[in-house]
>>> print(open('entry-v1.txt').read())   # compact mmCIF, C-alpha atoms and all ligand atoms
# COMPACT_ATOMS: atom_id res chain seq x y z
CA MET O 131 9.82 22.36 -4.63
CA ASN O 132 8.06 24.14 -1.83
CA GLN O 133 4.49 24.59 -3.09
CA LYS O 134 3.58 27.11 -0.42
CA GLN O 135 6.58 29.27 -1.21
CA LEU O 136 5.68 29.12 -4.91
CA SER O 137 2.02 29.99 -4.38
CA ASP O 138 2.90 32.85 -1.94
CA PHE O 139 5.32 34.24 -4.50
CA LEU O 140 2.76 34.11 -7.32
CA GLN O 141 0.11 35.74 -5.15
CA ALA O 142 2.44 38.50 -3.97
CA ASN O 143 3.27 39.25 -7.60
CA ASN O 144 -0.38 39.18 -8.76
CA VAL O 145 0.23 36.28 -11.12
CA PRO O 146 -3.07 34.67 -12.26
CA SER O 147 -3.83 31.49 -10.30
CA TYR O 148 -3.89 29.21 -13.38
CA ARG O 149 -0.13 29.73 -13.64
CA LEU O 150 0.34 27.80 -10.39
CA THR O 151 -1.36 24.72 -11.88
CA GLN O 152 0.69 25.12 -15.06
CA ILE O 153 3.99 25.35 -13.18
CA LEU O 154 3.16 22.39 -10.95
CA LYS O 155 2.15 20.20 -13.92
CA ASN O 156 5.43 21.05 -15.64
CA TYR O 157 7.40 20.36 -12.50
CA TYR O 158 5.90 17.05 -11.38
CA SER O 159 5.89 15.54 -14.89
CA GLY O 160 9.71 15.63 -14.86
CA ARG O 161 9.62 17.22 -18.34
CA VAL O 162 11.61 20.26 -17.16
CA LYS O 163 14.82 20.57 -15.18
CA SER O 164 14.53 24.28 -14.37
CA TYR O 165 12.01 27.12 -14.50
CA GLN O 166 13.74 28.27 -17.69
CA ASP O 167 12.61 25.06 -19.43
CA MET O 168 8.91 25.93 -18.87
CA SER O 169 8.22 27.25 -22.36
CA ASP O 170 4.53 27.88 -21.64
CA ILE O 171 5.37 30.35 -18.85
CA PRO O 172 6.25 34.01 -19.68
CA LYS O 173 10.00 34.60 -19.82
CA ASP O 174 10.02 37.34 -17.16
CA LEU O 175 8.16 35.15 -14.71
CA ARG O 176 10.53 32.26 -15.35
CA SER O 177 13.52 34.48 -14.55
CA GLN O 178 11.90 35.78 -11.35
CA LEU O 179 11.10 32.25 -10.24
CA GLN O 180 14.60 31.10 -11.04
CA ASP O 181 15.99 33.76 -8.71
CA GLN O 182 13.48 33.54 -5.90
CA VAL O 183 11.82 30.11 -5.56
CA GLU O 184 13.89 26.97 -5.06
CA PHE O 185 13.30 24.41 -7.81
CA ILE O 186 14.15 20.87 -6.63
CA SER O 187 15.33 20.24 -3.07
CA VAL O 188 17.54 17.23 -3.85
CA SER O 189 20.48 16.77 -6.21
CA ALA O 190 21.97 13.53 -7.45
CA GLN O 191 25.47 12.69 -6.29
CA ASN O 192 25.64 9.18 -7.57
CA LEU O 193 23.55 6.70 -9.53
CA ILE O 194 24.20 2.99 -9.76
CA GLU O 195 22.14 0.33 -11.43
CA ASP O 196 21.65 -3.33 -12.14
CA LYS O 197 19.21 -5.02 -14.51
CA HIS O 198 15.96 -4.07 -12.78
CA THR O 199 17.00 -1.51 -10.19
CA LYS O 200 18.59 1.91 -9.90
CA LYS O 201 19.81 3.48 -6.67
CA ALA O 202 20.48 7.20 -6.35
CA LEU O 203 22.39 9.00 -3.64
CA LEU O 204 20.71 12.39 -3.23
CA LYS O 205 22.24 15.39 -1.53
CA LEU O 206 19.99 17.65 0.58
CA SER O 207 20.36 21.39 1.09
CA ASP O 208 22.16 20.93 4.45
CA ASP O 209 24.61 18.49 2.82
CA HIS O 210 23.12 15.41 4.43
CA SER O 211 22.33 12.65 1.97
CA ILE O 212 19.72 9.95 1.46
CA GLU O 213 19.16 7.09 -0.92
CA THR O 214 16.17 6.36 -3.12
CA VAL O 215 15.58 3.34 -5.31
CA LEU O 216 13.81 2.76 -8.62
CA MET O 217 12.44 -0.69 -9.35
CA ASP O 218 11.56 -1.60 -12.91
CA TYR O 219 10.35 -5.17 -13.00
CA ASP O 220 6.68 -5.16 -13.79
CA GLN O 221 4.03 -3.02 -15.40
CA TRP O 222 4.78 -0.04 -13.14
CA LEU O 223 7.93 1.90 -12.41
CA THR O 224 8.12 1.91 -8.63
CA ALA O 225 10.03 4.37 -6.45
CA CYS O 226 11.12 3.38 -2.97
CA LEU O 227 11.26 6.56 -0.89
CA SER O 228 13.15 7.56 2.23
CA THR O 229 11.43 9.60 4.94
CA GLN O 230 14.34 10.27 7.32
CA VAL O 231 18.10 10.74 7.28
CA GLY O 232 19.08 7.61 9.20
CA CYS O 233 16.47 5.94 11.41
CA PRO O 234 15.67 5.97 15.13
CA ILE O 235 14.33 2.38 15.19
CA GLY O 236 17.68 0.56 15.07
CA CYS O 237 16.67 -2.85 13.72
CA THR O 238 19.70 -5.09 14.08
CA PHE O 239 19.66 -6.40 10.50
CA CYS O 240 19.33 -2.99 8.83
CA ALA O 241 22.10 -0.78 7.45
CA THR O 242 20.02 2.39 7.91
CA GLY O 243 19.36 1.51 11.55
CA LYS O 244 23.12 1.40 12.14
CA MET O 245 23.44 5.04 11.04
CA GLY O 246 21.33 6.27 13.95
CA PHE O 247 18.79 9.04 13.53
CA ILE O 248 19.86 12.37 12.04
CA ARG O 249 16.65 14.17 11.07
CA ASN O 250 13.26 13.95 9.42
CA LEU O 251 12.92 14.75 5.74
CA SER O 252 10.73 17.72 4.80
CA VAL O 253 7.67 17.30 2.59
CA ASP O 254 9.64 18.66 -0.39
CA GLU O 255 12.53 16.28 0.22
CA ILE O 256 10.15 13.30 0.28
CA VAL O 257 8.20 14.32 -2.84
CA ASP O 258 11.27 15.48 -4.77
CA GLN O 259 12.68 11.95 -4.73
CA ILE O 260 9.83 11.11 -7.14
CA VAL O 261 10.45 14.28 -9.18
CA TYR O 262 14.12 13.28 -9.43
CA TRP O 263 13.13 9.90 -10.93
CA ASN O 264 10.53 11.47 -13.23
CA GLN O 265 13.19 13.85 -14.58
CA LEU O 266 15.52 10.94 -15.22
CA LEU O 267 12.85 8.76 -16.80
CA TYR O 268 10.85 11.29 -18.81
CA PRO O 269 8.60 10.62 -20.80
CA LYS O 270 8.15 7.57 -18.58
CA TYR O 271 7.19 8.27 -14.98
CA ILE O 272 6.82 6.73 -11.57
CA GLY O 273 3.48 4.91 -11.23
CA ARG O 274 3.85 3.27 -7.85
CA ILE O 275 5.38 4.31 -4.54
CA VAL O 276 6.64 2.30 -1.60
CA PHE O 277 7.75 3.96 1.62
CA MET O 278 10.39 1.38 2.43
CA GLY O 279 13.58 3.41 2.10
CA MET O 280 15.60 5.00 4.87
CA GLY O 281 13.67 5.79 8.03
CA GLU O 282 10.40 4.90 9.76
CA PRO O 283 7.65 6.72 7.80
CA PHE O 284 5.25 6.90 10.77
CA ALA O 285 7.93 8.59 12.90
CA ASN O 286 7.75 11.51 10.45
CA TRP O 287 3.94 11.52 10.48
CA ASP O 288 3.04 15.11 9.56
CA ASN O 289 5.45 15.33 6.63
CA LEU O 290 4.46 11.85 5.45
CA ILE O 291 0.76 12.78 5.37
CA SER O 292 1.41 16.12 3.62
CA SER O 293 3.61 14.41 1.04
CA LEU O 294 0.89 11.81 0.39
CA GLU O 295 -1.54 14.61 -0.45
CA ILE O 296 0.85 15.88 -3.13
CA ILE O 297 1.62 12.39 -4.42
CA ASN O 298 -2.10 11.69 -4.71
CA HIS O 299 -3.28 15.08 -6.04
CA LYS O 300 -4.41 15.19 -9.66
CA ASN O 301 -2.59 18.49 -10.27
CA ALA O 302 0.61 17.11 -8.79
CA LEU O 303 1.89 13.53 -9.10
CA ASP O 304 -1.57 11.94 -9.48
CA ILE O 305 -0.59 8.51 -8.13
CA GLY O 306 -3.65 6.62 -6.84
CA ALA O 307 -3.81 5.59 -3.18
CA ARG O 308 -3.94 1.89 -4.10
CA LYS O 309 -0.56 2.29 -5.83
CA ILE O 310 1.09 3.58 -2.64
CA SER O 311 2.38 1.36 0.17
CA ILE O 312 3.69 2.37 3.57
CA SER O 313 5.84 0.01 5.57
CA THR O 314 6.11 0.52 9.31
CA SER O 315 8.22 -1.20 11.93
CA GLY O 316 5.04 -1.45 14.03
CA ILE O 317 4.38 1.79 15.90
CA ILE O 318 0.99 0.88 17.35
CA SER O 319 -0.33 4.41 18.03
CA ALA O 320 0.44 5.41 14.43
CA ILE O 321 -1.14 2.27 12.98
CA ASP O 322 -4.31 3.12 14.96
CA LYS O 323 -4.22 6.67 13.64
CA PHE O 324 -3.75 5.37 10.11
CA THR O 325 -6.69 2.98 10.59
CA GLN O 326 -8.94 5.93 11.43
CA MET O 327 -7.96 7.63 8.15
CA ASN O 328 -9.73 4.82 6.28
CA SER O 329 -7.30 5.28 3.41
CA ASN O 330 -6.88 3.06 0.36
CA ILE O 331 -3.11 3.29 0.77
CA ASN O 332 -1.60 -0.15 1.43
CA LEU O 333 -0.08 -0.83 4.82
CA ALA O 334 2.73 -3.26 5.59
CA ILE O 335 4.10 -4.11 9.02
CA SER O 336 7.62 -5.44 9.49
CA LEU O 337 6.98 -8.53 11.58
CA HIS O 338 10.22 -10.53 11.25
CA SER O 339 9.21 -12.81 14.11
CA ALA O 340 5.90 -13.88 15.66
CA ASN O 341 7.75 -14.50 18.91
CA GLN O 342 7.98 -11.47 21.21
CA VAL O 343 11.46 -12.34 22.54
CA THR O 344 12.98 -12.92 19.10
CA ARG O 345 11.23 -9.89 17.65
CA ALA O 346 12.49 -7.61 20.41
CA LYS O 347 16.04 -8.81 19.73
CA LEU O 348 15.71 -7.99 16.03
CA MET O 349 13.65 -4.84 16.46
CA PRO O 350 14.02 -2.88 19.71
CA ILE O 351 10.71 -1.13 18.92
CA ALA O 352 8.99 -4.37 19.99
CA LEU O 353 9.97 -3.65 23.61
CA THR O 354 7.58 -0.71 23.72
CA ASN O 355 5.20 -1.96 21.02
CA PRO O 356 4.78 -5.63 21.97
CA LEU O 357 3.45 -8.32 19.68
CA ASP O 358 0.14 -8.94 21.47
CA LYS O 359 -0.78 -5.24 21.26
CA LEU O 360 0.47 -5.08 17.66
CA LEU O 361 -1.80 -7.99 16.79
CA GLU O 362 -4.79 -6.20 18.36
CA SER O 363 -3.98 -3.08 16.38
CA ALA O 364 -3.57 -5.11 13.16
CA LYS O 365 -6.96 -6.74 13.66
CA LYS O 366 -8.55 -3.33 14.26
CA TYR O 367 -7.03 -2.16 10.97
CA VAL O 368 -8.39 -5.01 8.85
CA ASN O 369 -11.79 -5.03 10.54
CA HIS O 370 -12.17 -1.29 10.07
CA THR O 371 -10.79 -0.93 6.53
CA HIS O 372 -11.57 -4.40 5.09
CA ARG O 373 -8.23 -4.11 3.35
CA GLN O 374 -5.44 -6.67 3.24
CA LEU O 375 -2.63 -6.07 5.72
CA PHE O 376 0.84 -7.12 4.67
CA PHE O 377 3.40 -8.54 7.09
CA GLU O 378 7.04 -8.40 6.03
CA TYR O 379 9.24 -11.26 7.19
CA ALA O 380 12.96 -11.27 6.39
CA LEU O 381 14.11 -14.87 6.61
CA ILE O 382 17.19 -15.02 8.84
CA SER O 383 19.09 -18.27 9.23
CA GLN O 384 18.80 -19.88 12.68
CA VAL O 385 16.99 -16.82 14.05
CA ASN O 386 13.43 -16.74 12.72
CA ASP O 387 13.42 -19.71 10.34
CA THR O 388 13.43 -22.52 12.92
CA PRO O 389 10.44 -24.93 13.05
CA GLU O 390 9.18 -23.31 16.25
CA GLU O 391 9.40 -19.79 14.80
CA ILE O 392 7.63 -20.84 11.59
CA ASN O 393 4.83 -22.52 13.56
CA GLN O 394 4.33 -19.30 15.51
CA LEU O 395 4.37 -17.34 12.25
CA ILE O 396 1.70 -19.58 10.71
CA LYS O 397 -0.47 -19.20 13.80
CA PHE O 398 -0.05 -15.42 13.70
CA ILE O 399 -0.89 -14.96 10.01
CA LYS O 400 -3.87 -17.30 10.22
CA GLN O 401 -5.53 -15.10 12.83
CA HIS O 402 -7.25 -13.14 10.08
CA HIS O 403 -8.11 -13.90 6.45
CA LEU O 404 -6.93 -10.40 5.45
CA PHE O 405 -3.44 -10.93 6.85
CA TYR O 406 -0.93 -11.54 4.06
CA LEU O 407 2.68 -12.62 4.46
CA ASN O 408 5.58 -11.29 2.39
CA LEU O 409 8.66 -13.45 2.81
CA ILE O 410 11.98 -11.84 1.91
CA PRO O 411 15.31 -13.68 2.06
CA LEU O 412 17.45 -11.39 4.25
CA ASN O 413 19.56 -8.97 2.25
CA GLN O 414 23.16 -8.96 3.36
CA THR O 415 24.42 -5.98 5.35
CA SER O 416 27.42 -5.65 7.61
CA SER O 417 25.61 -7.47 10.46
CA ASN O 418 26.54 -11.08 11.19
CA LEU O 419 23.04 -12.27 10.33
CA SER O 420 22.55 -14.20 7.11
CA SER O 421 19.68 -15.30 4.94
CA SER O 422 18.03 -18.70 5.32
CA SER O 423 19.35 -21.23 2.82
CA THR O 424 17.46 -21.94 -0.41
CA ASP O 425 16.57 -25.40 0.92
CA ARG O 426 15.21 -24.00 4.16
CA ILE O 427 13.19 -21.39 2.26
CA SER O 428 11.57 -24.06 0.09
CA GLN O 429 10.77 -26.14 3.18
CA ILE O 430 9.14 -23.08 4.77
CA CYS O 431 7.12 -22.43 1.60
CA GLN O 432 5.90 -26.04 1.65
CA LEU O 433 4.80 -25.63 5.27
CA LEU O 434 2.98 -22.40 4.47
CA ASP O 435 1.24 -24.05 1.49
CA LYS O 436 0.23 -27.01 3.61
CA ASN O 437 -1.29 -24.64 6.17
CA HIS O 438 -3.05 -22.52 3.53
CA VAL O 439 -1.22 -19.34 4.49
CA GLN O 440 -1.54 -16.49 1.99
CA TYR O 441 1.99 -15.42 1.16
CA SER O 442 4.47 -14.49 -1.50
CA LEU O 443 8.21 -14.94 -1.65
CA ARG O 444 9.87 -11.74 -2.82
CA ARG O 445 12.71 -11.71 -5.25
CA ASN O 446 15.86 -9.97 -4.10
CA PHE O 447 16.10 -7.37 -6.83
CA GLY O 448 18.64 -4.69 -6.14
CA SER O 449 20.77 -6.63 -3.68
CA SER O 450 23.79 -6.55 -6.01
CA ILE O 451 23.88 -2.75 -5.69
CA SER O 452 22.81 -2.69 -2.02
CA ALA O 453 19.45 -1.25 -3.02
CA ALA O 454 17.28 -3.91 -1.43
CA CYS O 455 15.27 -3.65 1.80
CA GLY O 456 17.46 -2.99 4.82
CA GLN O 457 20.55 -2.20 2.75
CA LEU O 458 20.10 1.54 2.31
CA ALA O 459 22.61 3.70 4.11
CA THR O 460 24.87 6.59 3.33
CA LYS O 461 28.39 6.10 4.53
CA ASN O 462 28.81 9.75 5.44
CA THR O 463 25.58 11.52 6.21
CA LYS O 464 27.16 14.78 5.11
CA LEU O 465 28.69 14.94 1.68
S1 LIG Z 1 14.32 -1.69 8.94
FE1 LIG Z 1 13.23 0.25 8.63
S2 LIG Z 1 12.58 0.79 10.71
FE2 LIG Z 1 14.17 -0.75 10.99
S3 LIG Z 1 16.08 0.45 11.24
FE3 LIG Z 1 15.86 -0.04 9.06
S4 LIG Z 1 14.87 1.75 8.15
FE4 LIG Z 1 14.54 1.84 10.38
>>> encode(input="entry-v1.txt", output="structure tokens")
Amino acid sequence: MNQKQLSDFLQANNVPSYRLTQILKNYYSGRVKSYQDMSDIPKDLRSQLQDQVEFISVSAQNLIEDKHTKKALLKLSDDHSIETVLMDYDQWLTACLSTQVGCPIGCTFCATGKMGFIRNLSVDEIVDQIVYWNQLLYPKYIGRIVFMGMGEPFANWDNLISSLEIINHKNALDIGARKISISTSGIISAIDKFTQMNSNINLAISLHSANQVTRAKLMPIALTNPLDKLLESAKKYVNHTHRQLFFEYALISQVNDTPEEINQLIKFIKQHHLFYLNLIPLNQTSSNLSSSSTDRISQICQLLDKNHVQYSLRRNFGSSISAACGQLATKNTKL
């Protein structure tokens, strides 16, 4: 829903301002699927809204699920499509949101990167992914958000920031900053800008190698945003915000799991006590890269323990339905 369009419409029709809050509460809760369902709004107004103000900007084309995860293919108004994922494996229902159709970053291990970049999502299209899940889950609702879906969130900066305001606002989705995480491929200028915001939103950087040459092969963004500068920017972030900074590391067999790579990784993470490592066994996509073996992963964990590195090993929920990190892609961008 476009909030500005709604508020302009209400103003132009001299509707009292409390109706805006009422409509937004109805909408974001997921309790209603159309203006007509808003029983606390006068019938005439509901009909006018139905005709003149778009309700939800995304529509579900497909929904698949496994035990802890659901993945929805959502169609946009221009017939492009995106994917969004629901994770249900702890106290909170978590939505993984997309910010772009495709992605301009082109990481070699990522299905979205292979699609190329089509366009940025609008604020409504970002926020409405949560509304879609809230409608499906009602009376349950999304309590945590991760920006780890299709696209590089910081490459759609303005719409990301505006959507965060709605996600955070008590009259909208009312999700606390500490329950929101943004994952970036490592755009240094944007990380610096984010640092200056002094936000309580969690930040994660996709590291994937602490070796500049390896990292640039996996993530072309490292050619223009090199590791030494990224490290400087990361230190500025933790020193300024005093918040933990998460580094994502997809374990790829014979690429970034060799003894030399792991030693470099340990050295990198130990540069600051607020640096935290998230290890993720690589999720399979069509690339010829594969995950480190279970044995190698346990050896790496032992090494990290021995070196007192703060880390966690993520479970691969959602991989059976291609809903895990790096697996999101729509086969045809237009439906
Ligand atoms: S991993 Fe993230 S940044 Fe890299 S191509 Fe995929 S969606 Fe884009």
>>> residues_near_ligand(input="entry-v1.txt", ligand="ligand LIG 1 (chain Z)", cutoff="7 Å", atoms="all atoms listed in the file", output="JSON, numbers by chain")
{"O": [233, 234, 235, 236, 237, 240, 241, 242, 243, 278, 279, 280, 281, 282, 314, 315, 349, 456]}
>>> residues_near_point(input="entry-v1.txt", point="(9.0, 9.5, -0.4)", cutoff="7 Å", atoms="all atoms listed in the file", output="list in words")
Cys226, Leu227, Ser228, Thr229, Ile256, Val257, Gln259, Ile260 and Phe277 of chain O
>>> atom_distance(input="entry-v1.txt", atom1="CA of His338 (chain O)", atom2="CA of Gly232 (chain O)")
20.3 Å
>>> closest_residue(input="entry-v1.txt", among="O:Gln133, O:Asn328, O:Asn355, O:Asn413", to="Arg444 (chain O)", atoms="all atoms listed in the file")
O:Asn413
>>> residues_around(input="entry-v1.txt", residues="region 292-294 of chain O", least_positions_apart="6", cutoff="9 Å", atoms="all atoms listed in the file", output="list in words")
Ser252, Val253, Asp254, Ile256, Val257, Ala307 and Ile310 of chain O
>>> closest_residue(input="entry-v1.txt", among="O:Asn286, O:Ser137, O:Gln374, O:Ser211", to="Ala320 (chain O)", atoms="only C-alpha atoms")
O:Asn286
>>> closest_residue(input="entry-v1.txt", among="O:Ile399, O:Ser313, O:Leu193, O:Phe247", to="Tyr262 (chain O)", atoms="all atoms listed in the file")
O:Leu193
>>> atom_distance(input="entry-v1.txt", atom1="CA of Gln384 (chain O)", atom2="CA of Pro356 (chain O)")
22.0 Å
>>> residues_around(input="entry-v1.txt", residues="His403 (chain O)", least_positions_apart="6", cutoff="10 Å", atoms="only C-alpha atoms", output="number ranges by chain")
O: 368, 374-375, 439-440
>>> write_last_selection(input="entry-v1.txt", atoms="C-alpha atoms", output="PDB file, keeping the file's coordinate frame")
ATOM      1  CA  VAL O 368      -8.390  -5.010   8.850  1.00  0.00           C
ATOM      2  CA  GLN O 374      -5.440  -6.670   3.240  1.00  0.00           C
ATOM      3  CA  LEU O 375      -2.630  -6.070   5.720  1.00  0.00           C
ATOM      4  CA  VAL O 439      -1.220 -19.340   4.490  1.00  0.00           C
ATOM      5  CA  GLN O 440      -1.540 -16.490   1.990  1.00  0.00           C
TER       6      GLN O 440
END
>>> residues_around(input="entry-v1.txt", residues="Asp170 (chain O)", least_positions_apart="3", cutoff="9 Å", atoms="only C-alpha atoms", output="ChimeraX atom specification")
/O:152-153,167,173
>>> closest_residue(input="entry-v1.txt", among="O:Asn144, O:Gln394, O:Thr388, O:Ser442", to="Ser422 (chain O)", atoms="all atoms listed in the file")
O:Thr388
>>> atom_distance(input="entry-v1.txt", atom1="CA of Ser423 (chain O)", atom2="CA of Ala380 (chain O)")
12.4 Å
>>> decode(input="entry-v1.txt", residues="region 222-281 of chain O", atoms="C-alpha atoms", output="tab-separated table (two decimals), in the first residue's frame")
chain	number	residue	atom	x	y	z
O	222	TRP	CA	9.95	-15.33	16.30
O	223	LEU	CA	8.49	-15.68	12.84
O	224	THR	CA	11.13	-14.17	10.60
O	225	ALA	CA	10.63	-12.80	7.09
O	226	CYS	CA	13.53	-12.64	4.68
O	227	LEU	CA	12.87	-9.74	2.31
O	228	SER	CA	14.02	-8.91	-1.20
O	229	THR	CA	14.97	-5.35	-2.11
O	230	GLN	CA	15.58	-5.68	-5.86
O	231	VAL	CA	14.42	-7.70	-8.85
O	232	GLY	CA	17.65	-9.56	-9.57
O	233	CYS	CA	20.91	-8.11	-8.24
O	234	PRO	CA	23.72	-6.01	-9.72
O	235	ILE	CA	26.45	-7.53	-7.50
O	236	GLY	CA	26.84	-10.85	-9.33
O	237	CYS	CA	28.37	-13.05	-6.63
O	238	THR	CA	29.45	-16.25	-8.35
O	239	PHE	CA	27.78	-18.61	-5.87
O	240	CYS	CA	24.39	-16.88	-5.88
O	241	ALA	CA	21.33	-17.72	-7.98
O	242	THR	CA	20.00	-14.14	-7.75
O	243	GLY	CA	23.33	-12.76	-8.97
O	244	LYS	CA	23.00	-14.90	-12.10
O	245	MET	CA	19.72	-13.16	-13.00
O	246	GLY	CA	21.44	-9.80	-13.44
O	247	PHE	CA	19.85	-6.59	-12.25
O	248	ILE	CA	16.34	-5.69	-13.38
O	249	ARG	CA	15.15	-2.93	-11.05
O	250	ASN	CA	14.86	-1.68	-7.49
O	251	LEU	CA	11.78	-2.52	-5.47
O	252	SER	CA	9.62	0.40	-4.32
O	253	VAL	CA	8.99	1.06	-0.63
O	254	ASP	CA	5.52	-0.52	-0.94
O	255	GLU	CA	6.91	-3.63	-2.63
O	256	ILE	CA	9.46	-4.09	0.17
O	257	VAL	CA	6.98	-3.55	3.02
O	258	ASP	CA	4.16	-5.51	1.37
O	259	GLN	CA	6.24	-8.69	1.50
O	260	ILE	CA	5.69	-8.51	5.29
O	261	VAL	CA	1.99	-7.68	4.86
O	262	TYR	CA	1.68	-10.71	2.57
O	263	TRP	CA	3.08	-12.97	5.32
O	264	ASN	CA	0.95	-11.31	8.02
O	265	GLN	CA	-2.17	-11.95	5.93
O	266	LEU	CA	-1.21	-15.59	5.54
O	267	LEU	CA	-0.29	-16.06	9.19
O	268	TYR	CA	-2.98	-14.00	10.95
O	269	PRO	CA	-3.45	-13.92	13.98
O	270	LYS	CA	0.26	-14.71	14.14
O	271	TYR	CA	2.57	-12.11	12.63
O	272	ILE	CA	6.12	-11.44	11.54
O	273	GLY	CA	8.30	-10.44	14.51
O	274	ARG	CA	11.72	-10.31	12.92
O	275	ILE	CA	13.05	-9.15	9.56
O	276	VAL	CA	16.21	-10.00	7.67
O	277	PHE	CA	17.16	-8.21	4.47
O	278	MET	CA	18.88	-11.20	2.92
O	279	GLY	CA	16.59	-11.97	-0.01
O	280	MET	CA	17.07	-10.99	-3.63
O	281	GLY	CA	19.22	-7.92	-4.20
